[in-house]
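Have a look at final25.cif below; it lists mmCIF, C-alpha atoms.
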```cif
data_structure
loop_
_atom_site.label_atom_id
_atom_site.label_comp_id
_atom_site.auth_asym_id
_atom_site.auth_seq_id
_atom_site.Cartn_x
_atom_site.Cartn_y
_atom_site.Cartn_z
CA MET A 149 23.92 -5.79 -18.41
CA SER A 150 25.71 -2.72 -19.67
CA ALA A 151 24.40 0.32 -21.42
CA ILE A 152 26.18 3.04 -23.31
CA ASP A 153 24.19 5.13 -25.69
CA GLU A 154 26.11 8.05 -27.07
CA THR A 155 23.07 9.71 -28.60
CA LEU A 156 21.17 9.68 -25.32
CA MET A 157 24.07 10.79 -23.19
CA THR A 158 23.53 14.33 -24.36
CA ASN A 159 19.83 14.24 -23.64
CA ILE A 160 19.13 13.38 -20.03
CA GLU A 161 16.30 15.89 -20.10
CA ALA A 162 14.36 13.56 -22.43
CA LEU A 163 14.30 11.01 -19.59
CA LEU A 164 12.82 13.30 -16.95
CA PRO A 165 9.13 13.38 -17.96
CA PHE A 166 8.82 9.64 -17.34
CA ILE A 167 10.58 9.89 -13.99
CA LYS A 168 8.18 12.68 -13.03
CA GLU A 169 5.07 10.89 -14.30
CA ILE A 170 5.61 7.55 -12.55
CA ASP A 171 5.58 9.34 -9.20
CA ARG A 172 1.80 9.21 -9.54
CA LEU A 173 1.82 5.47 -8.82
CA LYS A 174 2.43 6.45 -5.18
CA LYS A 175 -1.15 7.73 -5.12
CA VAL A 176 -2.79 4.53 -6.39
CA GLU A 177 -4.32 2.66 -3.45
CA ARG A 178 -4.66 -1.09 -3.30
CA GLN A 179 -7.08 -3.17 -1.25
CA ALA A 180 -4.25 -4.60 0.88
CA LEU A 181 -3.05 -2.97 4.08
CA ILE A 182 0.58 -2.46 4.96
CA HIS A 183 1.46 -5.23 7.40
CA ASN A 184 1.26 -3.27 10.58
CA GLY A 185 -2.08 -1.86 9.54
CA GLY A 186 -3.05 1.75 9.76
CA ARG A 187 -3.47 2.42 6.08
CA ARG A 188 -3.84 0.83 2.67
CA GLU A 189 -0.82 0.02 0.57
CA ASN A 190 -0.07 1.95 -2.60
CA SER A 191 1.08 0.39 -5.84
CA ALA A 192 4.54 2.00 -5.82
CA GLU A 193 5.56 0.59 -2.45
CA HIS A 194 3.92 -2.73 -3.41
CA SER A 195 6.11 -2.81 -6.54
CA TRP A 196 9.21 -2.29 -4.40
CA HIS A 197 8.11 -5.08 -2.06
CA LEU A 198 7.49 -7.37 -5.03
CA ALA A 199 10.87 -6.59 -6.63
CA LEU A 200 12.72 -7.37 -3.42
CA SER A 201 10.60 -10.50 -2.89
CA VAL A 202 11.62 -11.60 -6.40
CA LEU A 203 15.29 -11.25 -5.42
CA VAL A 204 14.75 -13.27 -2.23
CA MET A 205 12.42 -15.95 -3.57
CA SER A 206 14.42 -16.53 -6.75
CA HIS A 207 16.60 -18.70 -4.52
CA ALA A 208 13.63 -21.02 -4.09
CA SER A 209 12.79 -21.27 -7.77
CA GLU A 210 12.93 -24.75 -9.23
CA GLN A 211 14.19 -23.45 -12.54
CA PRO A 212 16.88 -20.95 -13.45
CA LEU A 213 15.54 -17.43 -13.93
CA ASP A 214 16.77 -14.25 -15.57
CA ILE A 215 16.54 -12.40 -12.27
CA CYS A 216 17.31 -9.02 -13.75
CA LYS A 217 14.38 -9.36 -16.16
CA ALA A 218 12.13 -10.60 -13.35
CA VAL A 219 13.02 -7.58 -11.19
CA LYS A 220 12.33 -5.20 -14.07
CA MET A 221 8.92 -6.85 -14.49
CA ALA A 222 8.17 -6.33 -10.82
CA LEU A 223 9.17 -2.65 -11.04
CA LEU A 224 7.06 -2.05 -14.16
CA HIS A 225 4.12 -4.42 -13.75
CA ASP A 226 1.75 -1.92 -12.13
CA ILE A 227 2.68 1.40 -13.78
CA VAL A 228 -0.42 1.23 -15.96
CA GLU A 229 -2.45 1.77 -12.80
CA ILE A 230 -1.47 5.44 -13.01
CA ASP A 231 -4.22 5.64 -15.65
CA ALA A 232 -6.25 2.50 -14.98
CA GLY A 233 -6.26 2.42 -11.16
CA ASP A 234 -5.76 -0.74 -9.15
CA THR A 235 -8.06 -3.66 -9.88
CA PHE A 236 -8.87 -5.89 -6.92
CA VAL A 237 -7.81 -9.41 -7.79
CA TYR A 238 -11.35 -10.73 -7.19
CA SER A 239 -13.13 -8.14 -9.36
CA GLU A 240 -14.74 -8.77 -12.71
CA THR A 241 -12.76 -6.68 -15.13
CA SER A 242 -14.14 -6.47 -18.63
CA LYS A 243 -12.56 -3.15 -19.62
CA LYS A 244 -9.32 -3.53 -17.68
CA LYS A 245 -7.19 -4.95 -20.51
CA GLU A 246 -8.08 -2.14 -22.88
CA THR A 247 -7.44 0.66 -20.39
CA GLU A 248 -4.14 -0.84 -19.29
CA LEU A 249 -2.98 -1.26 -22.87
CA ALA A 250 -3.71 2.39 -23.60
CA ALA A 251 -1.84 3.30 -20.42
CA ILE A 252 1.31 1.37 -21.26
CA HIS A 253 1.39 3.05 -24.67
CA ARG A 254 0.94 6.52 -23.19
CA LEU A 255 3.53 6.04 -20.45
CA THR A 256 6.25 4.46 -22.54
CA ALA A 257 5.75 7.14 -25.22
CA LEU A 258 7.13 9.59 -22.66
CA LEU A 259 10.53 7.90 -23.14
CA PRO A 260 12.93 7.74 -26.08
CA ALA A 261 11.76 4.91 -28.33
CA ASN A 262 14.43 2.34 -27.47
CA ILE A 263 13.78 2.55 -23.73
CA GLY A 264 10.02 2.89 -24.15
CA ASN A 265 9.91 -0.22 -26.31
CA GLU A 266 12.03 -2.21 -23.87
CA PHE A 267 9.68 -1.29 -21.01
CA LYS A 268 6.58 -2.01 -23.09
CA ASN A 269 7.92 -5.44 -24.04
CA ILE A 270 8.72 -6.31 -20.43
CA TRP A 271 5.24 -5.25 -19.34
CA MET A 272 3.62 -7.23 -22.20
CA GLU A 273 5.66 -10.30 -21.33
CA PHE A 274 4.43 -10.09 -17.75
CA GLU A 275 0.84 -9.67 -18.88
CA GLU A 276 1.02 -12.61 -21.26
CA GLY A 277 2.23 -14.78 -18.41
CA ILE A 278 3.97 -17.31 -20.59
CA SER A 279 7.68 -16.89 -19.85
CA LYS A 280 9.01 -18.46 -16.68
CA GLU A 281 9.95 -15.01 -15.32
CA ALA A 282 6.40 -13.72 -15.94
CA GLN A 283 4.96 -16.75 -14.17
CA PHE A 284 7.38 -16.45 -11.27
CA VAL A 285 6.71 -12.74 -10.71
CA GLY A 286 3.00 -13.42 -11.20
CA ALA A 287 3.03 -16.04 -8.45
CA LEU A 288 4.66 -13.63 -5.99
CA ASP A 289 2.30 -10.84 -7.03
CA ARG A 290 -0.53 -13.16 -5.95
CA PHE A 291 1.24 -14.20 -2.77
CA LEU A 292 1.94 -10.75 -1.31
CA PRO A 293 -1.70 -9.64 -0.84
CA ILE A 294 -2.52 -13.07 0.62
CA TYR A 295 0.37 -12.64 3.04
CA SER A 296 -0.84 -9.13 3.84
CA ASN A 297 -4.28 -10.53 4.70
CA VAL A 298 -2.73 -13.24 6.84
CA LEU A 299 -0.78 -10.58 8.75
CA ASN A 300 -3.77 -8.21 9.02
CA GLU A 301 -6.50 -10.56 10.21
CA GLY A 302 -8.01 -10.94 6.75
CA TYR A 303 -8.68 -7.24 6.29
CA SER A 304 -9.53 -7.14 2.58
CA TRP A 305 -11.02 -10.66 2.59
CA LYS A 306 -13.48 -9.53 5.24
CA ALA A 307 -14.14 -6.17 3.56
CA HIS A 308 -15.14 -7.91 0.32
CA GLN A 309 -16.52 -11.17 1.78
CA ILE A 310 -13.97 -13.32 0.01
CA SER A 311 -14.10 -17.03 0.91
CA GLU A 312 -11.26 -19.53 1.11
CA ALA A 313 -12.68 -21.23 -1.98
CA ARG A 314 -12.38 -17.97 -3.92
CA VAL A 315 -8.83 -17.32 -2.70
CA VAL A 316 -7.87 -20.80 -3.83
CA GLY A 317 -9.71 -20.59 -7.14
CA ARG A 318 -8.30 -17.20 -8.05
CA ASN A 319 -4.69 -17.74 -6.98
CA LYS A 320 -3.77 -21.42 -6.99
CA PRO A 321 -3.28 -21.75 -10.78
CA SER A 322 -0.91 -18.74 -10.91
CA VAL A 323 1.09 -19.85 -7.89
CA LEU A 324 1.38 -23.42 -9.19
CA LYS A 325 2.67 -22.11 -12.51
CA GLY A 326 5.28 -19.75 -11.10
CA LEU A 327 6.45 -21.21 -7.80
CA PRO A 328 4.66 -24.50 -7.05
CA ALA A 329 6.52 -25.08 -3.76
CA LEU A 330 4.85 -21.94 -2.39
CA TRP A 331 1.34 -23.31 -2.68
CA PRO A 332 1.41 -25.76 0.28
CA ILE A 333 2.64 -22.89 2.46
CA ILE A 334 -0.22 -20.67 1.31
CA GLU A 335 -2.64 -23.54 1.93
CA LYS A 336 -1.46 -23.82 5.52
CA MET A 337 -1.87 -20.06 5.95
CA LEU A 338 -5.43 -20.20 4.60
CA THR A 339 -6.39 -23.11 6.87
CA LYS A 340 -5.14 -21.17 9.86
CA ALA A 341 -6.93 -18.01 8.72
CA VAL A 342 -10.20 -19.95 8.55
CA GLN A 343 -9.61 -21.38 12.03
CA LEU A 344 -8.97 -17.89 13.38
CA GLY A 345 -12.12 -16.54 11.76
CA HIS A 346 -10.21 -14.20 9.43
CA LEU A 347 -11.44 -15.97 6.31
CA GLN A 348 -14.80 -17.58 5.65
CA LYS A 349 -14.76 -21.19 4.41
CA ASP A 350 -17.29 -20.93 1.53
CA MET B 241 21.60 -14.21 -13.59
CA SER B 242 20.21 -17.59 -12.73
CA ALA B 243 19.62 -19.16 -9.37
CA ILE B 244 18.96 -22.73 -8.42
CA ASP B 245 19.61 -23.76 -4.88
CA GLU B 246 18.46 -27.27 -4.10
CA THR B 247 18.86 -26.89 -0.36
CA LEU B 248 16.72 -23.76 -0.24
CA MET B 249 14.03 -25.01 -2.58
CA THR B 250 12.57 -27.05 0.23
CA ASN B 251 12.62 -24.17 2.63
CA ILE B 252 10.64 -21.24 1.32
CA GLU B 253 9.41 -20.62 4.85
CA ALA B 254 12.92 -19.52 5.84
CA LEU B 255 12.54 -16.62 3.37
CA LEU B 256 9.28 -15.26 4.76
CA PRO B 257 10.47 -13.44 7.90
CA PHE B 258 12.55 -11.04 5.78
CA ILE B 259 9.67 -10.43 3.37
CA LYS B 260 7.44 -9.67 6.34
CA GLU B 261 9.98 -7.44 8.10
CA ILE B 262 10.84 -5.18 5.17
CA ASP B 263 7.20 -4.15 4.93
CA ARG B 264 8.04 -1.75 7.76
CA LEU B 265 10.00 0.46 5.36
CA LYS B 266 6.60 1.64 4.10
CA LYS B 267 6.17 3.43 7.42
CA VAL B 268 9.46 5.36 7.29
CA GLU B 269 8.75 8.95 6.25
CA ARG B 270 11.17 11.10 4.34
CA GLN B 271 11.37 14.88 4.16
CA ALA B 272 10.39 14.91 0.48
CA LEU B 273 6.80 15.11 -0.69
CA ILE B 274 5.33 12.95 -3.41
CA HIS B 275 5.25 15.09 -6.53
CA ASN B 276 1.64 16.08 -6.46
CA GLY B 277 1.91 17.00 -2.83
CA GLY B 278 -0.52 16.00 -0.16
CA ARG B 279 1.80 13.87 1.92
CA ARG B 280 5.41 12.98 2.56
CA GLU B 281 7.08 10.19 0.69
CA ASN B 282 8.02 6.96 2.42
CA SER B 283 11.29 5.12 1.92
CA ALA B 284 9.74 2.04 0.28
CA GLU B 285 8.08 3.96 -2.56
CA HIS B 286 11.20 6.13 -2.86
CA SER B 287 13.26 2.94 -3.32
CA TRP B 288 10.94 1.85 -6.11
CA HIS B 289 11.21 5.25 -7.76
CA LEU B 290 14.99 5.11 -7.48
CA ALA B 291 15.20 1.58 -8.92
CA LEU B 292 13.11 2.54 -11.92
CA SER B 293 15.09 5.78 -12.34
CA VAL B 294 18.26 3.66 -12.39
CA LEU B 295 16.82 1.61 -15.25
CA VAL B 296 15.90 4.74 -17.20
CA MET B 297 18.98 6.84 -16.49
CA SER B 298 21.43 4.00 -17.09
CA HIS B 299 20.94 4.87 -20.75
CA ALA B 300 22.57 8.21 -20.05
CA SER B 301 25.55 6.83 -18.18
CA GLU B 302 28.92 7.62 -19.68
CA GLN B 303 30.31 4.26 -18.63
CA PRO B 304 28.94 0.73 -18.83
CA LEU B 305 27.13 -0.36 -15.70
CA ASP B 306 26.06 -3.65 -14.19
CA ILE B 307 22.44 -2.55 -14.24
CA CYS B 308 21.19 -5.55 -12.32
CA LYS B 309 23.55 -4.78 -9.45
CA ALA B 310 22.62 -1.09 -9.56
CA VAL B 311 18.92 -1.95 -9.34
CA LYS B 312 19.55 -4.27 -6.39
CA MET B 313 21.41 -1.43 -4.67
CA ALA B 314 18.46 0.88 -5.20
CA LEU B 315 16.05 -1.70 -3.78
CA LEU B 316 18.22 -2.34 -0.72
CA HIS B 317 19.89 1.01 -0.05
CA ASP B 318 17.35 2.27 2.49
CA ILE B 319 16.23 -0.91 4.30
CA VAL B 320 18.37 -0.01 7.31
CA GLU B 321 15.95 2.88 7.91
CA ILE B 322 13.54 0.30 9.34
CA ASP B 323 15.70 0.55 12.47
CA ALA B 324 17.59 3.80 11.93
CA GLY B 325 14.85 6.01 10.46
CA ASP B 326 15.40 8.38 7.57
CA THR B 327 18.19 10.91 7.89
CA PHE B 328 17.61 14.21 6.10
CA VAL B 329 20.45 14.72 3.65
CA TYR B 330 21.36 18.07 5.28
CA SER B 331 21.47 16.77 8.86
CA GLU B 332 24.57 16.26 10.98
CA THR B 333 24.67 12.56 11.65
CA SER B 334 27.27 11.39 14.11
CA LYS B 335 25.60 8.12 15.17
CA LYS B 336 24.01 7.27 11.84
CA LYS B 337 26.75 4.95 10.54
CA GLU B 338 26.72 2.82 13.68
CA THR B 339 22.93 2.43 13.82
CA GLU B 340 22.69 1.59 10.14
CA LEU B 341 25.44 -0.99 10.40
CA ALA B 342 23.64 -2.71 13.27
CA ALA B 343 20.45 -2.60 11.21
CA ILE B 344 21.93 -4.23 8.11
CA HIS B 345 23.32 -7.02 10.29
CA ARG B 346 19.98 -7.58 12.02
CA LEU B 347 17.92 -7.53 8.82
CA THR B 348 20.15 -9.74 6.71
CA ALA B 349 20.40 -12.22 9.60
CA LEU B 350 16.70 -12.90 8.99
CA LEU B 351 17.72 -14.60 5.73
CA PRO B 352 19.65 -17.79 4.98
CA ALA B 353 23.35 -16.89 5.10
CA ASN B 354 24.08 -16.93 1.37
CA ILE B 355 21.29 -14.48 0.55
CA GLY B 356 21.88 -12.39 3.65
CA ASN B 357 25.54 -12.01 2.81
CA GLU B 358 24.80 -11.06 -0.79
CA PHE B 359 22.40 -8.33 0.37
CA LYS B 360 24.82 -7.09 3.03
CA ASN B 361 27.61 -6.86 0.47
CA ILE B 362 25.45 -4.92 -1.97
CA TRP B 363 24.40 -2.51 0.78
CA MET B 364 28.02 -2.08 1.92
CA GLU B 365 29.17 -1.44 -1.63
CA PHE B 366 26.56 1.30 -1.97
CA GLU B 367 27.58 2.84 1.35
CA GLU B 368 31.28 2.82 0.44
CA GLY B 369 30.45 4.69 -2.75
CA ILE B 370 33.52 3.53 -4.63
CA SER B 371 32.19 1.28 -7.40
CA LYS B 372 30.73 2.94 -10.46
CA GLU B 373 27.31 1.41 -9.71
CA ALA B 374 27.38 2.78 -6.15
CA GLN B 375 28.28 6.23 -7.46
CA PHE B 376 25.63 6.11 -10.17
CA VAL B 377 22.85 5.05 -7.80
CA GLY B 378 24.15 7.58 -5.26
CA ALA B 379 23.87 10.39 -7.82
CA LEU B 380 20.25 9.52 -8.58
CA ASP B 381 19.47 9.14 -4.88
CA ARG B 382 20.59 12.77 -4.51
CA PHE B 383 18.71 13.88 -7.60
CA LEU B 384 15.26 12.55 -6.73
CA PRO B 385 14.66 14.69 -3.60
CA ILE B 386 15.98 17.74 -5.47
CA TYR B 387 13.54 16.98 -8.28
CA SER B 388 10.77 16.52 -5.70
CA ASN B 389 11.53 19.97 -4.28
CA VAL B 390 11.55 21.48 -7.76
CA LEU B 391 8.12 19.97 -8.40
CA ASN B 392 6.75 20.93 -4.97
CA GLU B 393 7.79 24.59 -4.73
CA GLY B 394 10.81 23.81 -2.56
CA TYR B 395 8.77 22.19 0.22
CA SER B 396 11.54 20.62 2.30
CA TRP B 397 14.08 23.33 1.39
CA LYS B 398 11.72 25.92 2.84
CA ALA B 399 10.80 23.78 5.85
CA HIS B 400 14.47 23.45 6.82
CA GLN B 401 15.75 26.76 5.44
CA ILE B 402 18.13 25.14 3.02
CA SER B 403 19.96 27.55 0.70
CA GLU B 404 21.09 27.00 -2.89
CA ALA B 405 24.69 27.01 -1.65
CA ARG B 406 23.90 24.12 0.71
CA VAL B 407 22.09 22.13 -1.98
CA VAL B 408 25.12 22.57 -4.23
CA GLY B 409 27.65 21.81 -1.51
CA ARG B 410 25.87 18.71 -0.30
CA ASN B 411 24.95 17.17 -3.65
CA LYS B 412 27.29 18.37 -6.40
CA PRO B 413 30.22 16.07 -5.51
CA SER B 414 28.00 12.94 -5.51
CA VAL B 415 26.26 13.85 -8.75
CA LEU B 416 29.55 14.67 -10.48
CA LYS B 417 30.95 11.30 -9.44
CA GLY B 418 27.99 9.21 -10.56
CA LEU B 419 26.37 10.99 -13.49
CA PRO B 420 28.25 14.22 -14.31
CA ALA B 421 25.98 15.12 -17.24
CA LEU B 422 23.11 15.48 -14.76
CA TRP B 423 24.71 18.33 -12.85
CA PRO B 424 24.15 21.14 -15.41
CA ILE B 425 20.48 20.15 -15.51
CA ILE B 426 20.22 20.32 -11.72
CA GLU B 427 22.01 23.68 -11.78
CA LYS B 428 19.40 25.07 -14.17
CA MET B 429 16.63 23.74 -11.91
CA LEU B 430 18.19 25.41 -8.87
CA THR B 431 18.60 28.74 -10.65
CA LYS B 432 14.94 28.67 -11.60
CA ALA B 433 13.91 27.66 -8.06
CA VAL B 434 15.78 30.68 -6.70
CA GLN B 435 14.09 32.96 -9.24
CA LEU B 436 10.68 31.60 -8.25
CA GLY B 437 11.41 32.12 -4.55
CA HIS B 438 11.30 28.38 -3.77
CA LEU B 439 14.94 28.30 -2.69
CA GLN B 440 16.95 30.97 -0.90
CA LYS B 441 20.24 32.02 -2.48
CA ASP B 442 22.56 31.91 0.61
#
```
Conversion result in C-alpha cells:
Amino acid sequence: MSAIDETLMTNIEALLPFIKEIDRLKKVERQALIHNGGRRENSAEHSWHLALSVLVMSHASEQPLDICKAVKMALLHDIVEIDAGDTFVYSETSKKKETELAAIHRLTALLPANIGNEFKNIWMEFEEGISKEAQFVGALDRFLPIYSNVLNEGYSWKAHQISEARVVGRNKPSVLKGLPALWPIIEKMLTKAVQLGHLQKD
Amino acid sequence: MSAIDETLMTNIEALLPFIKEIDRLKKVERQALIHNGGRRENSAEHSWHLALSVLVMSHASEQPLDICKAVKMALLHDIVEIDAGDTFVYSETSKKKETELAAIHRLTALLPANIGNEFKNIWMEFEEGISKEAQFVGALDRFLPIYSNVLNEGYSWKAHQISEARVVGRNKPSVLKGLPALWPIIEKMLTKAVQLGHLQKD
C-alpha cells in the first residue's frame, strides 16, 4: 500500500502526459443515460460510479476481496475506450479485442515502465475475468447500465430493441460469477420493467 | 483489504439507494473545462480523474502513502456537492462548511451504519487536511484545475479574472504540504501562461 520511488521523485513531469491523455475518456459516450436523464453518460463518470459501487458492494461479497485492486480495476477498465470507443454490451464485436489491446499498450507506454506495466496488468486481469476481483468488478459493470435503464424507463433497451431474454442471456453469467446474490435483485427489476412496458419480453 | 459481512450479504438492496443517489454528482458542473474544451467538467468525472492521478502520482510522493485510503478519499471528496454544489476554489465561502457537513450526514445515512461511518470518516479526514493522504490528495485536487486551465488557454482564470498572484496564494500552501516537488512544475506552467496572455500577472 505504500510507494516510494526515489528515481521517479525527481521526474513528476514524466507522469503528466498520461494524466493529460486520460482526460479524453470524458468525451466517450455510452448508451446509458445518467439517472435523472437529460444526457448520455460518459465513460469517465461511469468509471467513478463503478469504483464507488465496488467500495459499497464489496460489503456484500461472499468472498474476501482485495478491494484496492478491485477499485484500481474499476478506474482503469475503460481507458482503452479513448482509442476504441465504447462498445454497447449487446453489440457483436469482432475487432474490439484487437483495438483495445493496441490502446492499452499505447496508453500505458505514456507512463514510466513500472507504472505502465502495473496498469496494463490490472487491465489485462480485468479483461481475462478469472480472478475474483475481475469477476466482482465485472458483475457490477454489468449491473450499473441495467440499473440505469431501470431508473430511466428502459432508455437504451428501447433504443436498441433489447428484450428481457437478451438482458438475461448477456448479463446473468457475469453477475452469477462475480456477485451471485445480486442476480435475484436484477431479476425482480427486469420483471417489473417488463410489467411497466420499459422492456420487451422476447 | 478484505471484506466479508455475513449480515450484509443478505441485504444488497440496502446498498442501492446510495448507488442511485450519487449518480447526481454527474450533474454538478465545475468551473474547469475538460481538456479538449467544448464543455465544463462535472464533479463525478473530475473525481475519477483525481483518483487515477492519485494512483499515478503516488509514485512521486516523498513519503509512503496508504494508496487505497487516498483513492477512496478522491472518490468521495466531492460527493457533498450533490447538495452543496461546486464551490470555485477562489470564492469566499462562509456557509460552505455547514452545507457540506449536512450533506455528508444525509448521504452516508443512506448506507448501513458501518459503511456510512467509514465513508464519513474518510471524507472528514480529507476535509481536515492533516493526514499525509489528505494533504497528498488535496495537492492533486488543486493541481488538476490548474492543469486544465493551462491546457485550455486559462479559461476559468480569464472568466473570473484570476491573477497569477491569486493562483499562487490560493494553491501553493496546499501543494507544498502534499506534494512539494510538484510546485516548481506548476510555477513554470504559470510563468508560461502569463507569457502567453492566458493568465494576468497581478
Since I can't run it myself right now, could you work out what the PyMOL selection byres ((chain A) within 8 of (chain B)) selects here and report it as an mmCIF file with C-alpha atoms, keeping the file's coordinate frame?
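This went into expr.cif:
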```
data_model
loop_
_atom_site.group_PDB
_atom_site.id
_atom_site.type_symbol
_atom_site.label_atom_id
_atom_site.label_comp_id
_atom_site.auth_asym_id
_atom_site.auth_seq_id
_atom_site.Cartn_x
_atom_site.Cartn_y
_atom_site.Cartn_z
ATOM 1 C CA MET A 149 23.920 -5.790 -18.410
ATOM 2 C CA SER A 150 25.710 -2.720 -19.670
ATOM 3 C CA ALA A 151 24.400 0.320 -21.420
ATOM 4 C CA ILE A 152 26.180 3.040 -23.310
ATOM 5 C CA ASP A 153 24.190 5.130 -25.690
ATOM 6 C CA GLU A 154 26.110 8.050 -27.070
ATOM 7 C CA LEU A 156 21.170 9.680 -25.320
ATOM 8 C CA MET A 157 24.070 10.790 -23.190
ATOM 9 C CA THR A 158 23.530 14.330 -24.360
ATOM 10 C CA ASN A 159 19.830 14.240 -23.640
ATOM 11 C CA ILE A 160 19.130 13.380 -20.030
ATOM 12 C CA GLU A 161 16.300 15.890 -20.100
ATOM 13 C CA LEU A 163 14.300 11.010 -19.590
ATOM 14 C CA ILE A 167 10.580 9.890 -13.990
ATOM 15 C CA LYS A 168 8.180 12.680 -13.030
ATOM 16 C CA ILE A 170 5.610 7.550 -12.550
ATOM 17 C CA ASP A 171 5.580 9.340 -9.200
ATOM 18 C CA ARG A 172 1.800 9.210 -9.540
ATOM 19 C CA LYS A 174 2.430 6.450 -5.180
ATOM 20 C CA ILE A 182 0.580 -2.460 4.960
ATOM 21 C CA HIS A 183 1.460 -5.230 7.400
ATOM 22 C CA ASN A 184 1.260 -3.270 10.580
ATOM 23 C CA ALA A 192 4.540 2.000 -5.820
ATOM 24 C CA GLU A 193 5.560 0.590 -2.450
ATOM 25 C CA HIS A 194 3.920 -2.730 -3.410
ATOM 26 C CA SER A 195 6.110 -2.810 -6.540
ATOM 27 C CA TRP A 196 9.210 -2.290 -4.400
ATOM 28 C CA HIS A 197 8.110 -5.080 -2.060
ATOM 29 C CA ALA A 199 10.870 -6.590 -6.630
ATOM 30 C CA LEU A 200 12.720 -7.370 -3.420
ATOM 31 C CA SER A 201 10.600 -10.500 -2.890
ATOM 32 C CA VAL A 204 14.750 -13.270 -2.230
ATOM 33 C CA MET A 205 12.420 -15.950 -3.570
ATOM 34 C CA SER A 206 14.420 -16.530 -6.750
ATOM 35 C CA HIS A 207 16.600 -18.700 -4.520
ATOM 36 C CA ALA A 208 13.630 -21.020 -4.090
ATOM 37 C CA SER A 209 12.790 -21.270 -7.770
ATOM 38 C CA GLU A 210 12.930 -24.750 -9.230
ATOM 39 C CA GLN A 211 14.190 -23.450 -12.540
ATOM 40 C CA PRO A 212 16.880 -20.950 -13.450
ATOM 41 C CA LEU A 213 15.540 -17.430 -13.930
ATOM 42 C CA ASP A 214 16.770 -14.250 -15.570
ATOM 43 C CA ILE A 215 16.540 -12.400 -12.270
ATOM 44 C CA CYS A 216 17.310 -9.020 -13.750
ATOM 45 C CA LEU A 223 9.170 -2.650 -11.040
ATOM 46 C CA LEU A 224 7.060 -2.050 -14.160
ATOM 47 C CA ILE A 263 13.780 2.550 -23.730
ATOM 48 C CA ALA A 329 6.520 -25.080 -3.760
ATOM 49 C CA LEU A 330 4.850 -21.940 -2.390
ATOM 50 C CA ILE A 333 2.640 -22.890 2.460
#
```
Next item on the list: Just say which residues the PyMOL selection byres ((chain B and resi 423) around 12) picks in this file, as a PyMOL selection string.
Entry: (chain A and resi 160-161) or (chain B and resi 379-380+382-383+386+407-408+411-422+424-430)
Item checked: Among the residues A:Arg178, A:His346, A:Arg254, A:Lys268, the one that comes closest to Pro293 (chain A) [using only C-alpha atoms] -> A:Arg178
Next item on the list: Extract, using all atoms listed in the file, all DNA, RNA and protein residues at most 9 Å from region 272-278 of chain A, discarding same-chain residues fewer than 3 positions from it, and format them as a PyMOL selection string.
Entry: chain A and resi 218+221-222+225+249+252+267-269+281-286
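We find CA of Gly233 (chain A) and CA of Val176 (chain A) to be spaced 6.3 Å apart.
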Notebook entry, point to check: Suppose you want the space between CA of Trp397 (chain B) and CA of Gly437 (chain B); what is it in Å?
Noted result: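 So the two atoms, CA of Trp397 (chain B) and CA of Gly437 (chain B), lie 10.9 Å apart.
The space separating CA of Phe328 (chain B) from CA of Gly394 (chain B) comes to 14.6 Å.
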Next item on the list: Would you please work out which residue, of A:Gln343, A:Asn300, A:Gln348, A:Thr256, is nearest to Arg314 (chain A) when using only C-alpha atoms?
Entry: A:Gln348
File output for region 351-359 of chain B (N, CA, C and O atoms) as a PDB file, in the first residue's frame:
```pdb
ATOM      1  N   LEU B 351     -26.663   4.658   3.733  1.00  0.00           N
ATOM      2  CA  LEU B 351     -25.952   3.376   3.784  1.00  0.00           C
ATOM      3  C   LEU B 351     -26.118   2.712   5.149  1.00  0.00           C
ATOM      4  O   LEU B 351     -26.361   3.395   6.143  1.00  0.00           O
ATOM      5  N   PRO B 352     -25.935   1.391   5.218  1.00  0.00           N
ATOM      6  CA  PRO B 352     -25.819   0.747   6.525  1.00  0.00           C
ATOM      7  C   PRO B 352     -24.733   1.461   7.344  1.00  0.00           C
ATOM      8  O   PRO B 352     -23.742   1.949   6.782  1.00  0.00           O
ATOM      9  N   ALA B 353     -24.925   1.492   8.664  1.00  0.00           N
ATOM     10  CA  ALA B 353     -24.094   2.361   9.518  1.00  0.00           C
ATOM     11  C   ALA B 353     -22.590   2.120   9.374  1.00  0.00           C
ATOM     12  O   ALA B 353     -21.814   3.084   9.340  1.00  0.00           O
ATOM     13  N   ASN B 354     -22.168   0.860   9.297  1.00  0.00           N
ATOM     14  CA  ASN B 354     -20.717   0.616   9.257  1.00  0.00           C
ATOM     15  C   ASN B 354     -20.068   1.219   8.006  1.00  0.00           C
ATOM     16  O   ASN B 354     -19.001   1.834   8.074  1.00  0.00           O
ATOM     17  N   ILE B 355     -20.740   1.099   6.878  1.00  0.00           N
ATOM     18  CA  ILE B 355     -20.182   1.654   5.637  1.00  0.00           C
ATOM     19  C   ILE B 355     -20.318   3.174   5.654  1.00  0.00           C
ATOM     20  O   ILE B 355     -19.394   3.904   5.293  1.00  0.00           O
ATOM     21  N   GLY B 356     -21.477   3.647   6.069  1.00  0.00           N
ATOM     22  CA  GLY B 356     -21.704   5.092   6.140  1.00  0.00           C
ATOM     23  C   GLY B 356     -20.674   5.776   7.012  1.00  0.00           C
ATOM     24  O   GLY B 356     -20.125   6.822   6.645  1.00  0.00           O
ATOM     25  N   ASN B 357     -20.387   5.168   8.151  1.00  0.00           N
ATOM     26  CA  ASN B 357     -19.403   5.771   9.055  1.00  0.00           C
ATOM     27  C   ASN B 357     -17.998   5.754   8.455  1.00  0.00           C
ATOM     28  O   ASN B 357     -17.238   6.710   8.602  1.00  0.00           O
ATOM     29  N   GLU B 358     -17.664   4.665   7.786  1.00  0.00           N
ATOM     30  CA  GLU B 358     -16.339   4.604   7.145  1.00  0.00           C
ATOM     31  C   GLU B 358     -16.208   5.746   6.123  1.00  0.00           C
ATOM     32  O   GLU B 358     -15.211   6.460   6.101  1.00  0.00           O
ATOM     33  N   PHE B 359     -17.224   5.913   5.294  1.00  0.00           N
ATOM     34  CA  PHE B 359     -17.180   6.956   4.255  1.00  0.00           C
ATOM     35  C   PHE B 359     -17.124   8.354   4.876  1.00  0.00           C
ATOM     36  O   PHE B 359     -16.408   9.237   4.402  1.00  0.00           O
TER      37      PHE B 359
END
```
